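Trainee: My structure file structure33.cif, mmCIF, C-alpha atoms, is below:
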data_query
loop_
_atom_site.label_atom_id
_atom_site.label_comp_id
_atom_site.auth_asym_id
_atom_site.auth_seq_id
_atom_site.Cartn_x
_atom_site.Cartn_y
_atom_site.Cartn_z
CA MET A 1 -3.41 45.65 -50.58
CA PRO A 2 -6.46 43.37 -50.11
CA ALA A 3 -9.28 44.69 -47.97
CA GLU A 4 -9.59 43.30 -44.46
CA SER A 5 -12.09 40.49 -43.99
CA GLN A 6 -15.37 41.41 -42.36
CA VAL A 7 -16.91 39.13 -39.75
CA GLY A 8 -20.38 39.58 -38.32
CA ALA A 9 -20.59 36.66 -35.90
CA VAL A 10 -17.86 34.75 -34.07
CA THR A 11 -18.05 31.71 -31.80
CA VAL A 12 -15.47 31.91 -29.01
CA PHE A 13 -14.82 28.57 -27.33
CA GLY A 14 -13.71 29.17 -23.76
CA GLY A 15 -15.34 32.59 -23.87
CA THR A 16 -15.58 33.00 -20.09
CA GLY A 17 -11.94 32.20 -19.26
CA PHE A 18 -9.26 34.79 -18.51
CA LEU A 19 -8.32 35.18 -22.17
CA GLY A 20 -11.80 34.35 -23.46
CA ARG A 21 -13.41 37.28 -21.63
CA ALA A 22 -10.84 39.67 -23.09
CA ILE A 23 -11.49 38.33 -26.59
CA VAL A 24 -15.27 38.60 -26.21
CA GLY A 25 -14.96 42.17 -24.94
CA ARG A 26 -12.68 43.13 -27.83
CA LEU A 27 -14.99 41.65 -30.46
CA ILE A 28 -18.24 43.18 -29.21
CA ALA A 29 -16.49 46.55 -28.91
CA ASP A 30 -16.24 46.35 -32.72
CA GLY A 31 -19.94 45.55 -33.08
CA ILE A 32 -19.45 41.83 -33.66
CA THR A 33 -22.02 39.33 -32.41
CA VAL A 34 -20.31 36.74 -30.22
CA ARG A 35 -21.33 33.28 -29.12
CA ALA A 36 -19.45 32.43 -25.93
CA ALA A 37 -19.31 28.64 -26.14
CA VAL A 38 -18.81 27.20 -22.66
CA ARG A 39 -19.75 24.15 -20.62
CA HIS A 40 -21.86 26.15 -18.17
CA PRO A 41 -23.67 28.86 -20.16
CA ASP A 42 -26.15 29.59 -17.35
CA ASP A 43 -23.29 30.79 -15.17
CA ALA A 44 -21.56 32.75 -17.91
CA PHE A 45 -21.14 36.47 -17.29
CA ALA A 46 -23.02 36.17 -13.98
CA GLY A 47 -21.70 39.60 -13.11
CA GLU A 48 -21.49 42.53 -15.49
CA ARG A 49 -21.59 41.58 -19.15
CA PRO A 50 -19.05 43.05 -21.57
CA LYS A 51 -20.19 46.35 -23.04
CA GLY A 52 -20.05 47.27 -26.70
CA ALA A 53 -21.96 47.71 -29.92
CA GLY A 54 -22.08 43.94 -30.44
CA LYS A 55 -23.95 41.28 -28.53
CA VAL A 56 -22.81 38.26 -26.57
CA GLN A 57 -24.82 35.04 -26.31
CA PRO A 58 -23.63 32.25 -24.00
CA VAL A 59 -24.19 28.82 -25.60
CA TYR A 60 -23.39 25.29 -24.46
CA ALA A 61 -20.39 23.49 -25.91
CA ASP A 62 -17.87 20.98 -24.68
CA VAL A 63 -14.94 20.73 -27.10
CA ARG A 64 -14.74 17.01 -26.31
CA ASP A 65 -18.24 16.60 -27.81
CA GLU A 66 -18.15 17.34 -31.54
CA THR A 67 -21.95 17.55 -31.82
CA SER A 68 -22.13 20.38 -29.30
CA VAL A 69 -19.24 22.11 -31.07
CA GLY A 70 -21.13 22.02 -34.35
CA LEU A 71 -24.28 23.44 -32.79
CA ALA A 72 -22.32 26.28 -31.21
CA LEU A 73 -20.77 27.16 -34.58
CA LYS A 74 -23.94 27.33 -36.66
CA GLY A 75 -24.46 30.80 -38.11
CA SER A 76 -20.96 32.05 -37.28
CA ASP A 77 -18.53 33.49 -39.82
CA ALA A 78 -15.49 32.70 -37.70
CA ALA A 79 -14.35 30.84 -34.60
CA VAL A 80 -11.75 31.23 -31.88
CA ASN A 81 -10.59 28.31 -29.77
CA ALA A 82 -9.37 29.84 -26.51
CA VAL A 83 -9.99 26.77 -24.34
CA GLY A 84 -7.13 26.17 -21.94
CA LEU A 85 -6.56 23.34 -19.47
CA TYR A 86 -3.69 23.42 -16.99
CA VAL A 87 -4.80 20.86 -14.39
CA GLU A 88 -6.14 17.45 -15.44
CA HIS A 89 -9.22 15.98 -13.78
CA GLY A 90 -9.99 12.42 -14.83
CA ALA A 91 -11.41 12.41 -18.37
CA VAL A 92 -10.83 16.15 -18.66
CA ASN A 93 -7.18 15.82 -19.60
CA PHE A 94 -4.66 17.39 -21.96
CA GLU A 95 -5.22 14.86 -24.73
CA ALA A 96 -9.01 15.23 -24.63
CA VAL A 97 -8.99 19.03 -24.60
CA HIS A 98 -5.86 20.25 -26.38
CA GLU A 99 -5.68 17.48 -28.96
CA PHE A 100 -9.09 15.99 -29.72
CA GLY A 101 -11.00 19.06 -28.55
CA ALA A 102 -8.95 21.24 -30.88
CA LEU A 103 -9.54 18.73 -33.67
CA ASN A 104 -13.31 18.79 -33.07
CA VAL A 105 -13.44 22.58 -33.37
CA ALA A 106 -11.32 22.61 -36.53
CA HIS A 107 -13.23 19.74 -38.14
CA GLN A 108 -16.62 21.33 -37.53
CA CYS A 109 -15.35 24.65 -38.87
CA ALA A 110 -14.33 22.85 -42.06
CA VAL A 111 -17.61 20.92 -42.32
CA LEU A 112 -19.78 24.00 -41.75
CA GLY A 113 -17.75 26.26 -44.04
CA VAL A 114 -16.65 28.67 -41.31
CA ALA A 115 -14.41 31.20 -43.02
CA ARG A 116 -11.85 31.90 -40.27
CA LEU A 117 -10.43 29.95 -37.35
CA VAL A 118 -8.00 31.28 -34.76
CA HIS A 119 -6.48 28.55 -32.60
CA VAL A 120 -4.78 29.65 -29.37
CA SER A 121 -1.84 27.45 -28.38
CA GLY A 122 1.26 28.50 -26.44
CA ILE A 123 4.92 29.41 -26.90
CA GLY A 124 7.12 26.35 -26.64
CA ALA A 125 4.61 23.85 -28.06
CA ASP A 126 6.87 20.88 -28.85
CA MET A 127 6.14 17.24 -29.66
CA ARG A 128 9.48 16.26 -28.07
CA SER A 129 8.79 17.91 -24.72
CA GLU A 130 8.84 15.86 -21.53
CA SER A 131 5.65 17.68 -20.52
CA GLY A 132 2.34 16.09 -21.46
CA TYR A 133 0.80 19.56 -21.53
CA VAL A 134 3.36 20.94 -23.99
CA GLN A 135 3.14 17.81 -26.15
CA ALA A 136 -0.64 18.07 -26.30
CA ARG A 137 -0.44 21.71 -27.37
CA ALA A 138 1.90 20.75 -30.23
CA LYS A 139 -0.24 17.79 -31.31
CA GLY A 140 -3.32 19.98 -31.22
CA GLU A 141 -1.69 22.45 -33.62
CA LEU A 142 -0.89 19.63 -36.05
CA LEU A 143 -4.41 18.21 -35.89
CA VAL A 144 -5.94 21.64 -36.47
CA SER A 145 -3.73 22.45 -39.44
CA ASP A 146 -4.45 19.02 -40.95
CA VAL A 147 -8.22 19.52 -41.17
CA PHE A 148 -8.27 23.36 -41.42
CA PRO A 149 -5.03 24.42 -43.16
CA ASP A 150 -6.02 28.11 -43.12
CA ALA A 151 -6.28 28.25 -39.34
CA THR A 152 -4.26 31.03 -37.71
CA VAL A 153 -2.29 29.74 -34.72
CA LEU A 154 -1.44 32.14 -31.91
CA ARG A 155 1.16 31.12 -29.32
CA PRO A 156 1.06 33.55 -26.38
CA SER A 157 3.67 33.55 -23.65
CA VAL A 158 2.44 33.61 -20.04
CA MET A 159 -0.35 36.20 -19.95
CA PHE A 160 -0.76 38.97 -17.42
CA GLY A 161 -3.63 41.27 -16.51
CA PRO A 162 -5.30 42.52 -13.30
CA GLU A 163 -7.32 39.28 -12.98
CA ASP A 164 -4.57 36.81 -13.94
CA ARG A 165 -3.69 33.70 -11.95
CA PHE A 166 0.03 34.24 -12.29
CA LEU A 167 1.11 37.47 -10.62
CA ASN A 168 -1.94 37.46 -8.33
CA ALA A 169 -1.04 33.98 -7.12
CA LEU A 170 2.50 35.14 -6.32
CA ALA A 171 1.11 38.05 -4.30
CA GLN A 172 -1.28 35.79 -2.39
CA ILE A 173 1.53 33.39 -1.45
CA ALA A 174 3.75 36.30 -0.43
CA ARG A 175 1.11 37.60 1.98
CA ARG A 176 0.87 34.20 3.70
CA THR A 177 4.52 33.33 4.18
CA PRO A 178 7.81 35.12 4.90
CA VAL A 179 9.59 32.87 2.39
CA LEU A 180 8.96 32.62 -1.35
CA PRO A 181 10.45 29.52 -3.02
CA LEU A 182 11.98 29.99 -6.46
CA PHE A 183 12.03 27.49 -9.30
CA GLY A 184 15.70 26.57 -9.28
CA LYS A 185 17.61 29.82 -8.81
CA GLY A 186 14.83 31.83 -10.44
CA GLY A 187 16.78 32.28 -13.66
CA THR A 188 14.18 30.99 -16.12
CA ARG A 189 13.45 33.79 -18.62
CA LEU A 190 9.86 34.75 -19.43
CA GLN A 191 8.33 37.26 -21.84
CA PRO A 192 4.90 38.00 -20.31
CA VAL A 193 2.26 39.33 -22.68
CA TYR A 194 -0.73 41.49 -21.77
CA VAL A 195 -4.02 39.64 -22.15
CA GLY A 196 -5.52 42.66 -23.88
CA ASP A 197 -2.78 42.51 -26.52
CA VAL A 198 -3.57 38.84 -27.16
CA ALA A 199 -7.25 39.74 -27.57
CA ASN A 200 -6.24 42.44 -30.05
CA ALA A 201 -4.10 39.88 -31.88
CA VAL A 202 -7.13 37.60 -32.19
CA ARG A 203 -9.17 40.47 -33.63
CA ARG A 204 -6.45 41.28 -36.15
CA ALA A 205 -6.01 37.63 -37.10
CA LEU A 206 -9.73 37.46 -37.92
CA ALA A 207 -9.47 40.54 -40.15
CA MET A 208 -6.08 40.45 -41.89
CA PRO A 209 -6.19 38.84 -45.34
CA ASP A 210 -2.73 37.29 -44.98
CA ALA A 211 -3.12 35.82 -41.47
CA PRO A 212 -4.73 32.46 -42.40
CA GLY A 213 -2.33 29.54 -42.29
CA LYS A 214 0.31 31.40 -40.27
CA VAL A 215 1.72 30.96 -36.76
CA TYR A 216 2.38 33.96 -34.52
CA GLU A 217 4.28 33.95 -31.23
CA LEU A 218 3.05 36.60 -28.83
CA GLY A 219 5.27 38.08 -26.15
CA GLY A 220 5.53 41.37 -24.32
CA PRO A 221 8.16 44.06 -24.93
CA ASP A 222 10.40 42.94 -22.05
CA VAL A 223 12.10 39.76 -20.89
CA TYR A 224 12.31 38.97 -17.15
CA THR A 225 13.80 36.19 -15.09
CA TYR A 226 11.35 34.50 -12.76
CA ARG A 227 13.19 36.09 -9.82
CA GLU A 228 12.75 39.55 -11.35
CA LEU A 229 9.01 39.00 -11.74
CA VAL A 230 8.73 37.92 -8.10
CA GLU A 231 10.63 41.03 -7.03
CA LEU A 232 8.33 43.22 -9.15
CA VAL A 233 5.28 41.76 -7.40
CA LEU A 234 6.83 42.24 -3.97
CA ARG A 235 7.58 45.88 -4.69
CA ARG A 236 4.06 46.49 -5.99
CA ALA A 237 2.56 44.79 -2.92
CA GLU A 238 5.01 46.62 -0.64
CA LEU A 239 6.27 43.37 0.87
CA ARG A 240 9.73 42.18 1.88
CA ARG A 241 10.24 38.43 1.64
CA TRP A 242 13.14 35.99 1.63
CA LEU A 243 13.58 34.34 -1.79
CA LEU A 244 14.61 30.70 -1.42
CA PRO A 245 16.11 28.79 -4.39
CA VAL A 246 14.62 25.29 -4.59
CA PRO A 247 16.07 22.59 -6.92
CA PHE A 248 13.74 21.33 -9.65
CA ALA A 249 14.12 17.78 -8.29
CA ALA A 250 12.42 18.95 -5.09
CA TRP A 251 9.68 20.70 -7.09
CA ARG A 252 8.96 17.46 -8.96
CA ILE A 253 8.48 15.62 -5.66
CA LEU A 254 6.18 18.38 -4.38
CA ALA A 255 4.16 18.25 -7.61
CA ALA A 256 3.79 14.47 -7.31
CA LEU A 257 2.45 14.86 -3.76
CA ALA A 258 0.17 17.74 -4.79
CA ALA A 259 -1.33 15.53 -7.53
CA LEU A 260 -3.04 13.54 -4.75
CA LEU A 261 -5.20 16.58 -3.93
CA SER A 262 -8.50 17.35 -5.67
CA GLU A 263 -7.32 20.90 -6.46
CA PRO A 264 -3.51 20.70 -6.65
CA PRO A 265 -1.77 24.07 -6.18
CA LEU A 266 1.16 22.76 -8.22
CA THR A 267 1.36 20.36 -11.18
CA ARG A 268 4.13 18.46 -12.94
CA ALA A 269 3.31 20.41 -16.09
CA GLN A 270 3.95 23.72 -14.33
CA VAL A 271 7.29 22.50 -12.97
CA THR A 272 8.38 21.31 -16.41
CA LEU A 273 7.36 24.60 -18.02
CA MET A 274 9.41 26.57 -15.51
CA LYS A 275 12.57 24.63 -16.41
CA HIS A 276 12.77 26.26 -19.83
CA ASP A 277 12.82 29.84 -21.10
CA ASN A 278 9.47 30.99 -22.54
CA LEU A 279 10.42 33.51 -25.23
CA VAL A 280 9.33 34.52 -28.72
CA ALA A 281 11.63 32.82 -31.24
CA GLU A 282 14.03 35.15 -33.06
CA ARG A 283 12.49 34.69 -36.52
CA ALA A 284 8.89 34.09 -35.49
CA LEU A 285 5.99 36.26 -36.62
CA SER A 286 4.87 38.31 -33.64
CA LEU A 287 2.46 40.94 -32.31
CA LYS A 288 4.16 43.50 -34.53
CA ASP A 289 3.26 41.51 -37.63
CA LEU A 290 -0.38 41.63 -36.53
CA GLY A 291 -0.22 45.38 -36.07
CA VAL A 292 -0.39 45.20 -32.27
CA GLU A 293 1.94 47.26 -30.08
CA ALA A 294 3.04 45.27 -27.03
CA THR A 295 2.06 46.70 -23.63
CA ALA A 296 4.68 46.85 -20.87
CA LEU A 297 3.99 44.97 -17.64
CA GLU A 298 4.88 48.03 -15.58
CA ALA A 299 2.08 49.97 -17.33
CA ILE A 300 -0.55 47.48 -16.09
CA LEU A 301 0.82 46.66 -12.63
CA PRO A 302 -0.85 49.72 -10.98
CA GLU A 303 -4.24 48.19 -11.90
CA TYR A 304 -3.64 45.08 -9.79
CA ALA A 305 -5.43 44.86 -6.44
CA PHE A 306 -2.55 43.39 -4.44
#
Once you've parsed the file, please lay out its structure as structure tokens.
Mentor:
Amino acid sequence: MPAESQVGAVTVFGGTGFLGRAIVGRLIADGITVRAAVRHPDDAFAGERPKGAGKVQPVYADVRDETSVGLALKGSDAAVNAVGLYVEHGAVNFEAVHEFGALNVAHQCAVLGVARLVHVSGIGADMRSESGYVQARAKGELLVSDVFPDATVLRPSVMFGPEDRFLNALAQIARRTPVLPLFGKGGTRLQPVYVGDVANAVRRALAMPDAPGKVYELGGPDVYTYRELVELVLRRAELRRWLLPVPFAAWRILAALAALLSEPPLTRAQVTLMKHDNLVAERALSLKDLGVEATALEAILPEYAF
């Protein structure tokens, strides 16, 4: 069996995001030097920096600007693109970030001879989707594989962790209203994955000799309906609320109205995503193939502050 690849320095694009912070922490715990490539490096890790044998250096990069991407990559053995955009703001849109931004990272990795690239996408990436977000994710994967065929693509399901914006948002809404609206009847099936497991998957993808060029779908050990997840949050927060089924047609209207706000609490992309199950495909490579044991949601829920 070939020896695992050794990396000494990794550039993590989106290194201060929810997933990015977990990846940075995982890498420096192994003594790896990390460049956290972000648009606002002066504000990066304003609080406590990740601890470990490695070092973290915030550097400027905007994935829409290929020159800045190249500068952030210089001297690195590997790169991770963990940039995620869920709400569009003018020129900062899905096409610019998930398509051309992903292409810029992959192209500069190829030009500079970076040995490994891990590209984080999402389960359900599909060129035929009615969602611009999902389409952009799929196009980004194709663009990356075209210029860097050995890129490892990771497709996580919805991620959870004590600082997530998913379960925490549900708890915040529940504390403000006696009624919690459901997407449809709440029957959409999800396979939430622990953010720490995704970070471990990134680490393994950078090390395993047979990971380059492969696609892995990352989900947790359990499948829940959306209603079941809401009920889990309510029990953890010790709240009793009325769950109200709301047709998707009504959600689309609400999302269209919310789009008029500067910080919309709901987007069309989110509504579209919630119409379809978000599960690891039956024959897909998964966390297990990366040597990562999936963590149960119930094991992490006690760490949440709600």
Trainee: Please write as a PyMOL selection string the full residue list that the PyMOL selection byres ((chain A and resi 152) around 9) yields on this file.
Mentor: chain A and resi 116-120+145+149-151+153-154+205-206+211-216
Trainee: Would you compute the distance between atom CA of A:Ala102 and atom CA of A:Arg39? Give it in Å to one decimal.
Mentor: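 It comes out at 15.2 Å.
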Trainee: With 8 Å of padding per side, what axis-aligned box (centre and edge lengths, Å, one decimal) covers all the listed atoms of stretch 172-183 of chain A? Give it as AutoDock Vina command-line options.
Mentor:
--center_x 5.4 --center_y 32.5 --center_z -2.2 --size_x 29.3 --size_y 26.1 --size_z 30.2
Trainee: For A:Asp164, find every residue with an atom within 12 Å (counting only C-alpha atoms), except residues of its own chain fewer than 6 positions away, and show them as a PDB file with C-alpha atoms, in the frame of the given file.
Mentor:
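Now in selection-v1.pdb:
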ATOM      1  CA  GLY A  17     -11.940  32.200 -19.260  1.00  0.00           C
ATOM      2  CA  PHE A  18      -9.260  34.790 -18.510  1.00  0.00           C
ATOM      3  CA  LEU A  19      -8.320  35.180 -22.170  1.00  0.00           C
ATOM      4  CA  ARG A  21     -13.410  37.280 -21.630  1.00  0.00           C
ATOM      5  CA  ALA A  22     -10.840  39.670 -23.090  1.00  0.00           C
ATOM      6  CA  VAL A 158       2.440  33.610 -20.040  1.00  0.00           C
ATOM      7  CA  LEU A 170       2.500  35.140  -6.320  1.00  0.00           C
ATOM      8  CA  ALA A 171       1.110  38.050  -4.300  1.00  0.00           C
ATOM      9  CA  PRO A 192       4.900  38.000 -20.310  1.00  0.00           C
ATOM     10  CA  VAL A 193       2.260  39.330 -22.680  1.00  0.00           C
ATOM     11  CA  TYR A 194      -0.730  41.490 -21.770  1.00  0.00           C
ATOM     12  CA  VAL A 195      -4.020  39.640 -22.150  1.00  0.00           C
ATOM     13  CA  GLY A 196      -5.520  42.660 -23.880  1.00  0.00           C
ATOM     14  CA  ILE A 300      -0.550  47.480 -16.090  1.00  0.00           C
ATOM     15  CA  LEU A 301       0.820  46.660 -12.630  1.00  0.00           C
ATOM     16  CA  GLU A 303      -4.240  48.190 -11.900  1.00  0.00           C
ATOM     17  CA  TYR A 304      -3.640  45.080  -9.790  1.00  0.00           C
ATOM     18  CA  ALA A 305      -5.430  44.860  -6.440  1.00  0.00           C
ATOM     19  CA  PHE A 306      -2.550  43.390  -4.440  1.00  0.00           C
TER      20      PHE A 306
END
Trainee: Restricting the calculation to only C-alpha atoms: of A:Ala169, A:Ala299, A:Ala249, A:Val134, which residue gets closest to A:Val233?
Mentor: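 Looking at the shortest contact to A:Val233, the residue is A:Ala169.
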Trainee: Near stretch 62-74 of chain A, counting all atoms listed in the file, which residues have an atom at most 7 Å away, once you skip same-chain residues fewer than 4 positions from it, shown as a ChimeraX atom specification?
Mentor: /A:11,37-39,96-97,100-101,104-105,108
Trainee: With the PyMOL selection byres ((chain A and resi 13) around 6) as the selection, what would be picked from this file? Answer as a PDB file with C-alpha atoms, in the coordinates of the input, please.
Mentor:
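result.pdb was written with the following content:
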ATOM      1  CA  VAL A  12     -15.470  31.910 -29.010  1.00  0.00           C
ATOM      2  CA  GLY A  14     -13.710  29.170 -23.760  1.00  0.00           C
ATOM      3  CA  GLY A  15     -15.340  32.590 -23.870  1.00  0.00           C
ATOM      4  CA  ALA A  37     -19.310  28.640 -26.140  1.00  0.00           C
ATOM      5  CA  ASN A  81     -10.590  28.310 -29.770  1.00  0.00           C
ATOM      6  CA  ALA A  82      -9.370  29.840 -26.510  1.00  0.00           C
ATOM      7  CA  VAL A  83      -9.990  26.770 -24.340  1.00  0.00           C
TER       8      VAL A  83
END
Trainee: Return the single residue from A:Glu293, A:Phe183, A:Arg252, A:Gln270 that is closest to A:Arg227, with distances computed using all atoms listed in the file.
Mentor: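 Looking at the shortest contact to A:Arg227, the residue is A:Phe183.
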Trainee: Grab the atom CA of A:Lys288 to atom CA of A:Gly219 distance for me, in Å with one decimal place.
Mentor: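 The value is 10.0 Å.
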Trainee: Between atom CA of A:Gly187 and atom CA of A:Phe160, what is the distance, to one decimal in Å?
Mentor: 19.1 Å
Trainee: Could you list, as a PyMOL selection string, every residue within 10 Å of A:Ser76, counting all atoms listed in the file and ignoring same-chain residues fewer than 2 positions away?
Mentor: chain A and resi 7-12+33-35+72-74+78-79+109+112-116
Trainee: Once the PyMOL selection byres ((chain A and resi 274-282) around 8) is applied to the coordinates I shared, what remains selected? I want it as a VMD selection string.
Mentor: chain A and resid 123 to 124 157 to 158 183 188 to 191 217 to 219 223 248 270 to 273 283 to 284 286
Trainee: Counting all atoms listed in the file, find the residues whose atoms lie at most 12 Å from (-1.1, 22.0, -10.7) (file coordinates) and write them out as a ChimeraX atom specification.
Mentor: /A:85-89,133,251-252,254-273
Trainee: Would you please work out which residue, of A:Ala46, A:Gly140, A:Gly161, A:Gln57, is nearest to A:Ala199 when using all atoms listed in the file?
Mentor: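 Closest to A:Ala199 of all the choices is A:Gly161.
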Trainee: Neighbours of A:Asp30 within 9 Å (only C-alpha atoms; same-chain residues fewer than 6 positions away dropped), as a VMD selection string?
Mentor: chain A and resid 52 to 54
Trainee: Counting only C-alpha atoms, which residue out of A:Leu244, A:Val59, A:Ala296, A:Val147 sits closest to A:Gly184?
Mentor: A:Leu244
Trainee: Of the candidates A:Val56, A:Leu167, A:Gln135, A:His107, which shows the shortest atom-to-atom distance to A:Gly31, using all atoms listed in the file?
Mentor: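 Distance minimum relative to A:Gly31 lands on A:Val56.
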Trainee: Could I see stretch 265-288 of chain A restored to N, CA and C atoms, set down as a short mmCIF file (atom, residue, chain, number, x, y, z; two decimals), in the coordinates of the input?
Mentor:
data_model
loop_
_atom_site.label_atom_id
_atom_site.label_comp_id
_atom_site.auth_asym_id
_atom_site.auth_seq_id
_atom_site.Cartn_x
_atom_site.Cartn_y
_atom_site.Cartn_z
N PRO A 265 -2.31 22.71 -5.98
CA PRO A 265 -1.77 24.07 -6.18
C PRO A 265 -0.56 24.08 -7.11
N LEU A 266 -0.03 22.89 -7.40
CA LEU A 266 1.16 22.76 -8.22
C LEU A 266 1.05 21.48 -9.05
N THR A 267 1.43 21.54 -10.32
CA THR A 267 1.36 20.36 -11.18
C THR A 267 2.73 20.07 -11.80
N ARG A 268 2.89 18.83 -12.25
CA ARG A 268 4.13 18.46 -12.94
C ARG A 268 4.33 19.30 -14.19
N ALA A 269 3.22 19.60 -14.87
CA ALA A 269 3.31 20.41 -16.09
C ALA A 269 3.88 21.79 -15.79
N GLN A 270 3.46 22.40 -14.69
CA GLN A 270 3.95 23.72 -14.33
C GLN A 270 5.45 23.68 -14.02
N VAL A 271 5.87 22.63 -13.31
CA VAL A 271 7.29 22.50 -12.97
C VAL A 271 8.12 22.36 -14.23
N THR A 272 7.65 21.51 -15.16
CA THR A 272 8.38 21.31 -16.41
C THR A 272 8.46 22.60 -17.22
N LEU A 273 7.37 23.34 -17.28
CA LEU A 273 7.36 24.60 -18.02
C LEU A 273 8.37 25.59 -17.45
N MET A 274 8.52 25.60 -16.14
CA MET A 274 9.41 26.57 -15.51
C MET A 274 10.89 26.19 -15.63
N LYS A 275 11.18 25.03 -16.20
CA LYS A 275 12.57 24.63 -16.41
C LYS A 275 13.16 25.27 -17.66
N HIS A 276 12.29 25.76 -18.54
CA HIS A 276 12.77 26.26 -19.83
C HIS A 276 12.33 27.70 -20.06
N ASP A 277 13.17 28.47 -20.75
CA ASP A 277 12.82 29.84 -21.10
C ASP A 277 11.56 29.84 -21.97
N ASN A 278 10.74 30.87 -21.82
CA ASN A 278 9.47 30.99 -22.54
C ASN A 278 9.49 32.30 -23.31
N LEU A 279 10.16 32.29 -24.48
CA LEU A 279 10.42 33.51 -25.23
C LEU A 279 9.97 33.37 -26.68
N VAL A 280 9.65 34.49 -27.29
CA VAL A 280 9.33 34.52 -28.72
C VAL A 280 10.60 34.16 -29.50
N ALA A 281 10.48 33.22 -30.44
CA ALA A 281 11.63 32.82 -31.24
C ALA A 281 12.11 33.99 -32.10
N GLU A 282 13.40 34.02 -32.38
CA GLU A 282 14.03 35.15 -33.06
C GLU A 282 13.38 35.47 -34.40
N ARG A 283 13.03 34.45 -35.18
CA ARG A 283 12.49 34.69 -36.52
C ARG A 283 10.98 34.48 -36.60
N ALA A 284 10.33 34.35 -35.49
CA ALA A 284 8.89 34.09 -35.49
C ALA A 284 8.10 35.35 -35.84
N LEU A 285 6.94 35.17 -36.48
CA LEU A 285 5.99 36.26 -36.62
C LEU A 285 5.48 36.61 -35.23
N SER A 286 5.18 37.88 -34.99
CA SER A 286 4.87 38.31 -33.64
C SER A 286 3.71 39.30 -33.61
N LEU A 287 3.50 39.91 -32.45
CA LEU A 287 2.46 40.94 -32.31
C LEU A 287 2.64 42.04 -33.35
N LYS A 288 3.87 42.43 -33.58
CA LYS A 288 4.16 43.50 -34.53
C LYS A 288 3.62 43.17 -35.91
#
